[in-house]
file final-v3.pdb (PDB, N, CA and C atoms)
ATOM      1  N   PRO A  30       0.823  -1.201   0.000
ATOM      2  CA  PRO A  30       0.000   0.000   0.000
ATOM      3  C   PRO A  30       0.864   1.261   0.000
ATOM      4  N   SER A  31       0.443   2.248  -0.722
ATOM      5  CA  SER A  31       1.250   3.459  -0.885
ATOM      6  C   SER A  31       1.479   4.211   0.417
ATOM      7  N   GLN A  32       0.597   4.086   1.387
ATOM      8  CA  GLN A  32       0.767   4.815   2.640
ATOM      9  C   GLN A  32       1.119   3.892   3.802
ATOM     10  N   SER A  33       1.688   2.752   3.492
ATOM     11  CA  SER A  33       2.079   1.799   4.520
ATOM     12  C   SER A  33       3.192   2.367   5.393
ATOM     13  N   PRO A  34       3.030   2.338   6.724
ATOM     14  CA  PRO A  34       4.110   2.788   7.604
ATOM     15  C   PRO A  34       5.399   2.008   7.389
ATOM     16  N   ASP A  35       5.280   0.763   6.912
ATOM     17  CA  ASP A  35       6.471  -0.039   6.649
ATOM     18  C   ASP A  35       7.321   0.581   5.548
ATOM     19  N   LEU A  36       6.727   1.397   4.716
ATOM     20  CA  LEU A  36       7.448   1.982   3.594
ATOM     21  C   LEU A  36       7.841   3.440   3.837
ATOM     22  N   ASN A  37       7.336   4.038   4.860
ATOM     23  CA  ASN A  37       7.574   5.456   5.078
ATOM     24  C   ASN A  37       8.649   5.652   6.147
ATOM     25  N   PRO A  38       9.855   6.058   5.755
ATOM     26  CA  PRO A  38      10.944   6.210   6.722
ATOM     27  C   PRO A  38      10.635   7.188   7.855
ATOM     28  N   ILE A  39       9.788   8.178   7.610
ATOM     29  CA  ILE A  39       9.506   9.159   8.662
ATOM     30  C   ILE A  39       8.808   8.500   9.854
ATOM     31  N   GLU A  40       8.082   7.419   9.611
ATOM     32  CA  GLU A  40       7.416   6.720  10.719
ATOM     33  C   GLU A  40       8.449   6.201  11.724
ATOM     34  N   ASN A  41       9.586   5.730  11.211
ATOM     35  CA  ASN A  41      10.654   5.267  12.094
ATOM     36  C   ASN A  41      11.272   6.435  12.863
ATOM     37  N   VAL A  42      11.388   7.572  12.192
ATOM     38  CA  VAL A  42      11.941   8.760  12.848
ATOM     39  C   VAL A  42      11.001   9.221  13.957
ATOM     40  N   TRP A  43       9.700   9.255  13.674
ATOM     41  CA  TRP A  43       8.732   9.655  14.712
ATOM     42  C   TRP A  43       8.798   8.695  15.905
ATOM     43  N   ALA A  44       8.908   7.405  15.638
ATOM     44  CA  ALA A  44       8.976   6.423  16.726
ATOM     45  C   ALA A  44      10.222   6.644  17.580
ATOM     46  N   GLU A  45      11.346   6.939  16.938
ATOM     47  CA  GLU A  45      12.586   7.205  17.672
ATOM     48  C   GLU A  45      12.458   8.476  18.509
ATOM     49  N   LEU A  46      11.878   9.514  17.914
ATOM     50  CA  LEU A  46      11.672  10.768  18.646
ATOM     51  C   LEU A  46      10.770  10.522  19.851
ATOM     52  N   LYS A  47       9.696   9.807  19.648
ATOM     53  CA  LYS A  47       8.757   9.511  20.728
ATOM     54  C   LYS A  47       9.443   8.737  21.852
ATOM     55  N   ARG A  48      10.257   7.742  21.478
ATOM     56  CA  ARG A  48      10.955   6.935  22.478
ATOM     57  C   ARG A  48      11.900   7.804  23.312
ATOM     58  N   CYS A  49      12.648   8.661  22.647
ATOM     59  CA  CYS A  49      13.620   9.509  23.347
ATOM     60  C   CYS A  49      12.944  10.530  24.250
ATOM     61  N   VAL A  50      11.877  11.140  23.768
ATOM     62  CA  VAL A  50      11.153  12.138  24.571
ATOM     63  C   VAL A  50      10.496  11.456  25.763
ATOM     64  N   ARG A  51       9.875  10.328  25.524
ATOM     65  CA  ARG A  51       9.194   9.607  26.606
ATOM     66  C   ARG A  51      10.181   9.221  27.715
ATOM     67  N   ALA A  52      11.394   8.854  27.326
ATOM     68  CA  ALA A  52      12.416   8.456  28.307
ATOM     69  C   ALA A  52      12.794   9.614  29.228
ATOM     70  N   ARG A  53      12.629  10.834  28.744
ATOM     71  CA  ARG A  53      12.975  12.010  29.548
ATOM     72  C   ARG A  53      11.804  12.488  30.409
ATOM     73  N   ARG A  54      10.655  11.901  30.250
ATOM     74  CA  ARG A  54       9.469  12.094  31.083
ATOM     75  C   ARG A  54       9.071  13.561  31.286
ATOM     76  N   PRO A  55       8.628  14.224  30.230
ATOM     77  CA  PRO A  55       8.177  15.604  30.385
ATOM     78  C   PRO A  55       6.959  15.680  31.302
ATOM     79  N   THR A  56       6.864  16.767  32.053
ATOM     80  CA  THR A  56       5.784  16.899  33.035
ATOM     81  C   THR A  56       4.741  17.944  32.649
ATOM     82  N   ASN A  57       5.008  18.709  31.583
ATOM     83  CA  ASN A  57       4.019  19.681  31.132
ATOM     84  C   ASN A  57       4.219  19.948  29.644
ATOM     85  N   LEU A  58       3.308  20.694  29.056
ATOM     86  CA  LEU A  58       3.337  20.926  27.621
ATOM     87  C   LEU A  58       4.570  21.716  27.187
ATOM     88  N   THR A  59       4.965  22.687  27.983
ATOM     89  CA  THR A  59       6.148  23.480  27.655
ATOM     90  C   THR A  59       7.385  22.609  27.634
ATOM     91  N   GLN A  60       7.514  21.766  28.640
ATOM     92  CA  GLN A  60       8.664  20.867  28.701
ATOM     93  C   GLN A  60       8.616  19.856  27.551
ATOM     94  N   LEU A  61       7.433  19.366  27.226
ATOM     95  CA  LEU A  61       7.280  18.437  26.107
ATOM     96  C   LEU A  61       7.775  19.087  24.810
ATOM     97  N   HIS A  62       7.372  20.305  24.575
ATOM     98  CA  HIS A  62       7.795  21.028  23.378
ATOM     99  C   HIS A  62       9.311  21.181  23.348
ATOM    100  N   GLN A  63       9.889  21.567  24.453
ATOM    101  CA  GLN A  63      11.335  21.760  24.540
ATOM    102  C   GLN A  63      12.084  20.449  24.300
ATOM    103  N   LEU A  64      11.620  19.384  24.934
ATOM    104  CA  LEU A  64      12.288  18.094  24.777
ATOM    105  C   LEU A  64      12.164  17.562  23.351
ATOM    106  N   CYS A  65      11.022  17.798  22.721
ATOM    107  CA  CYS A  65      10.862  17.378  21.319
ATOM    108  C   CYS A  65      11.885  18.081  20.440
ATOM    109  N   GLN A  66      12.065  19.368  20.655
ATOM    110  CA  GLN A  66      13.038  20.110  19.862
ATOM    111  C   GLN A  66      14.460  19.615  20.124
ATOM    112  N   GLU A  67      14.787  19.374  21.379
ATOM    113  CA  GLU A  67      16.129  18.900  21.723
ATOM    114  C   GLU A  67      16.406  17.531  21.120
ATOM    115  N   GLU A  68      15.453  16.620  21.275
ATOM    116  CA  GLU A  68      15.650  15.267  20.766
ATOM    117  C   GLU A  68      15.649  15.237  19.240
ATOM    118  N   TRP A  69      14.842  16.076  18.611
ATOM    119  CA  TRP A  69      14.840  16.165  17.151
ATOM    120  C   TRP A  69      16.221  16.576  16.644
ATOM    121  N   ALA A  70      16.822  17.542  17.337
ATOM    122  CA  ALA A  70      18.146  18.033  16.936
ATOM    123  C   ALA A  70      19.218  16.952  17.083
ATOM    124  N   LYS A  71      18.987  15.983  17.929
ATOM    125  CA  LYS A  71      19.962  14.914  18.163
ATOM    126  C   LYS A  71      19.895  13.800  17.114
ATOM    127  N   ILE A  72      18.814  13.750  16.342
ATOM    128  CA  ILE A  72      18.687  12.690  15.341
ATOM    129  C   ILE A  72      19.692  12.973  14.235
ATOM    130  N   HIS A  73      20.618  12.069  14.082
ATOM    131  CA  HIS A  73      21.724  12.274  13.143
ATOM    132  C   HIS A  73      21.280  11.991  11.704
ATOM    133  N   PRO A  74      21.743  12.787  10.766
ATOM    134  CA  PRO A  74      21.374  12.570   9.362
ATOM    135  C   PRO A  74      21.703  11.165   8.847
ATOM    136  N   THR A  75      22.740  10.533   9.387
ATOM    137  CA  THR A  75      23.073   9.184   8.920
ATOM    138  C   THR A  75      21.980   8.191   9.306
ATOM    139  N   TYR A  76      21.306   8.435  10.436
ATOM    140  CA  TYR A  76      20.186   7.577  10.839
ATOM    141  C   TYR A  76      19.090   7.648   9.773
ATOM    142  N   CYS A  77      18.771   8.859   9.358
ATOM    143  CA  CYS A  77      17.749   9.045   8.323
ATOM    144  C   CYS A  77      18.205   8.425   7.005
ATOM    145  N   GLY A  78      19.466   8.585   6.681
ATOM    146  CA  GLY A  78      20.011   8.011   5.459
ATOM    147  C   GLY A  78      19.903   6.505   5.437
ATOM    148  N   LYS A  79      20.173   5.878   6.564
ATOM    149  CA  LYS A  79      20.072   4.421   6.639
ATOM    150  C   LYS A  79      18.634   3.953   6.462
ATOM    151  N   LEU A  80      17.691   4.738   6.973
ATOM    152  CA  LEU A  80      16.281   4.380   6.778
ATOM    153  C   LEU A  80      15.918   4.428   5.298
ATOM    154  N   VAL A  81      16.396   5.443   4.611
ATOM    155  CA  VAL A  81      16.120   5.569   3.182
ATOM    156  C   VAL A  81      16.819   4.448   2.413
ATOM    157  N   GLU A  82      18.049   4.140   2.795
ATOM    158  CA  GLU A  82      18.785   3.058   2.124
ATOM    159  C   GLU A  82      18.082   1.720   2.282
ATOM    160  N   GLY A  83      17.377   1.533   3.394
ATOM    161  CA  GLY A  83      16.682   0.273   3.642
ATOM    162  C   GLY A  83      15.331   0.167   2.967
ATOM    163  N   TYR A  84      14.983   1.190   2.179
ATOM    164  CA  TYR A  84      13.669   1.219   1.541
ATOM    165  C   TYR A  84      13.424  -0.002   0.655
ATOM    166  N   LEU A  85      14.383  -0.353  -0.176
ATOM    167  CA  LEU A  85      14.197  -1.479  -1.097
ATOM    168  C   LEU A  85      13.922  -2.773  -0.333
ATOM    169  N   LYS A  86      14.628  -2.974   0.761
ATOM    170  CA  LYS A  86      14.405  -4.174   1.569
ATOM    171  C   LYS A  86      12.976  -4.179   2.134
ATOM    172  N   ARG A  87      12.530  -3.018   2.651
ATOM    173  CA  ARG A  87      11.173  -2.937   3.201
ATOM    174  C   ARG A  87      10.127  -3.143   2.103
ATOM    175  N   LEU A  88      10.381  -2.572   0.924
ATOM    176  CA  LEU A  88       9.455  -2.739  -0.191
ATOM    177  C   LEU A  88       9.331  -4.215  -0.561
ATOM    178  N   THR A  89      10.448  -4.907  -0.612
ATOM    179  CA  THR A  89      10.450  -6.337  -0.931
ATOM    180  C   THR A  89       9.666  -7.119   0.121
ATOM    181  N   GLN A  90       9.843  -6.776   1.388
ATOM    182  CA  GLN A  90       9.120  -7.469   2.457
ATOM    183  C   GLN A  90       7.616  -7.235   2.366
ATOM    184  N   VAL A  91       7.218  -6.001   2.098
ATOM    185  CA  VAL A  91       5.789  -5.688   1.977
ATOM    186  C   VAL A  91       5.180  -6.455   0.808
ATOM    187  N   LYS A  92       5.903  -6.524  -0.299
ATOM    188  CA  LYS A  92       5.416  -7.292  -1.446
ATOM    189  C   LYS A  92       5.316  -8.770  -1.100
ATOM    190  N   GLN A  93       6.312  -9.272  -0.363
ATOM    191  CA  GLN A  93       6.324 -10.688   0.020
ATOM    192  C   GLN A  93       5.128 -11.023   0.924
ATOM    193  N   PHE A  94       4.772 -10.089   1.810
ATOM    194  CA  PHE A  94       3.666 -10.309   2.732
ATOM    195  C   PHE A  94       2.334  -9.775   2.183
ATOM    196  N   LYS A  95       2.342  -9.457   0.882
ATOM    197  CA  LYS A  95       1.142  -9.001   0.176
ATOM    198  C   LYS A  95       0.478  -7.795   0.854
ATOM    199  N   GLY A  96       1.302  -6.868   1.308
ATOM    200  CA  GLY A  96       0.783  -5.630   1.881
ATOM    201  C   GLY A  96       0.505  -5.685   3.363
ATOM    202  N   ASN A  97       0.598  -6.854   3.961
ATOM    203  CA  ASN A  97       0.372  -6.955   5.410
ATOM    204  C   ASN A  97       1.610  -6.471   6.160
ATOM    205  N   ALA A  98       1.470  -6.270   7.443
ATOM    206  CA  ALA A  98       2.585  -5.798   8.256
ATOM    207  C   ALA A  98       3.751  -6.764   8.172
ATOM    208  N   THR A  99       4.951  -6.207   8.171
ATOM    209  CA  THR A  99       6.147  -7.040   8.112
ATOM    210  C   THR A  99       6.697  -7.178   9.499
TER
END
call {"tool": "encode", "arguments": {"input": "final-v3.pdb", "output": "structure tokens"}}
result
Amino acid sequence: PSQSPDLNPIENVWAELKRCVRARRPTNLTQLHQLCQEEWAKIHPTYCGKLVEGYLKRLTQVKQFKGNAT
């Protein structure tokens, strides 16, 4: 499927951001906003590059599983 999270690298980035922010346990909206910005800045471009490089593998898996979750 064209909008499958398995194929969209940004879904992995959002999950990583969520994991990192959650680990820091923000206690209010202001702190949540600040921590999101800090953790976003820490995501290294090579991490994003590796997600994009893995696209063909994910595409092959989705095709193999006929569009179901991999």
call {"tool": "closest_residue", "arguments": {"input": "final-v3.pdb", "among": "A:Ala44, A:Leu36, A:Pro55, A:Ile72", "to": "A:Leu88", "atoms": "all atoms listed in the file"}}
result
A:Leu36
call {"tool": "atom_distance", "arguments": {"input": "final-v3.pdb", "atom1": "atom N of A:Ala70", "atom2": "atom C of A:Lys86"}}
result
26.8 Å
call {"tool": "residues_around", "arguments": {"input": "final-v3.pdb", "residues": "A:Lys79", "least_positions_apart": "6", "cutoff": "12 Å", "atoms": "only C-alpha atoms", "output": "PyMOL selection string"}}
result
chain A and resi 38-39+41-42+73+85-86
call {"tool": "select_by_dssp", "arguments": {"input": "final-v3.pdb", "residues": "chain A", "states": "helix (DSSP H, G or I)", "output": "JSON, numbers by chain"}}
result
{"A": [38, 39, 40, 41, 42, 43, 44, 45, 46, 47, 48, 49, 50, 51, 52, 53, 58, 59, 60, 61, 62, 63, 64, 65, 66, 67, 68, 69, 70, 71, 74, 75, 76, 77, 78, 79, 80, 81, 82, 84, 85, 86, 87, 88, 89, 90, 91, 92, 93]}
call {"tool": "atom_distance", "arguments": {"input": "final-v3.pdb", "atom1": "atom C of A:Gln63", "atom2": "atom N of A:Thr75"}}
result
20.8 Å
call {"tool": "atom_distance", "arguments": {"input": "final-v3.pdb", "atom1": "atom N of A:His62", "atom2": "atom CA of A:Trp43"}}
result
14.6 Å
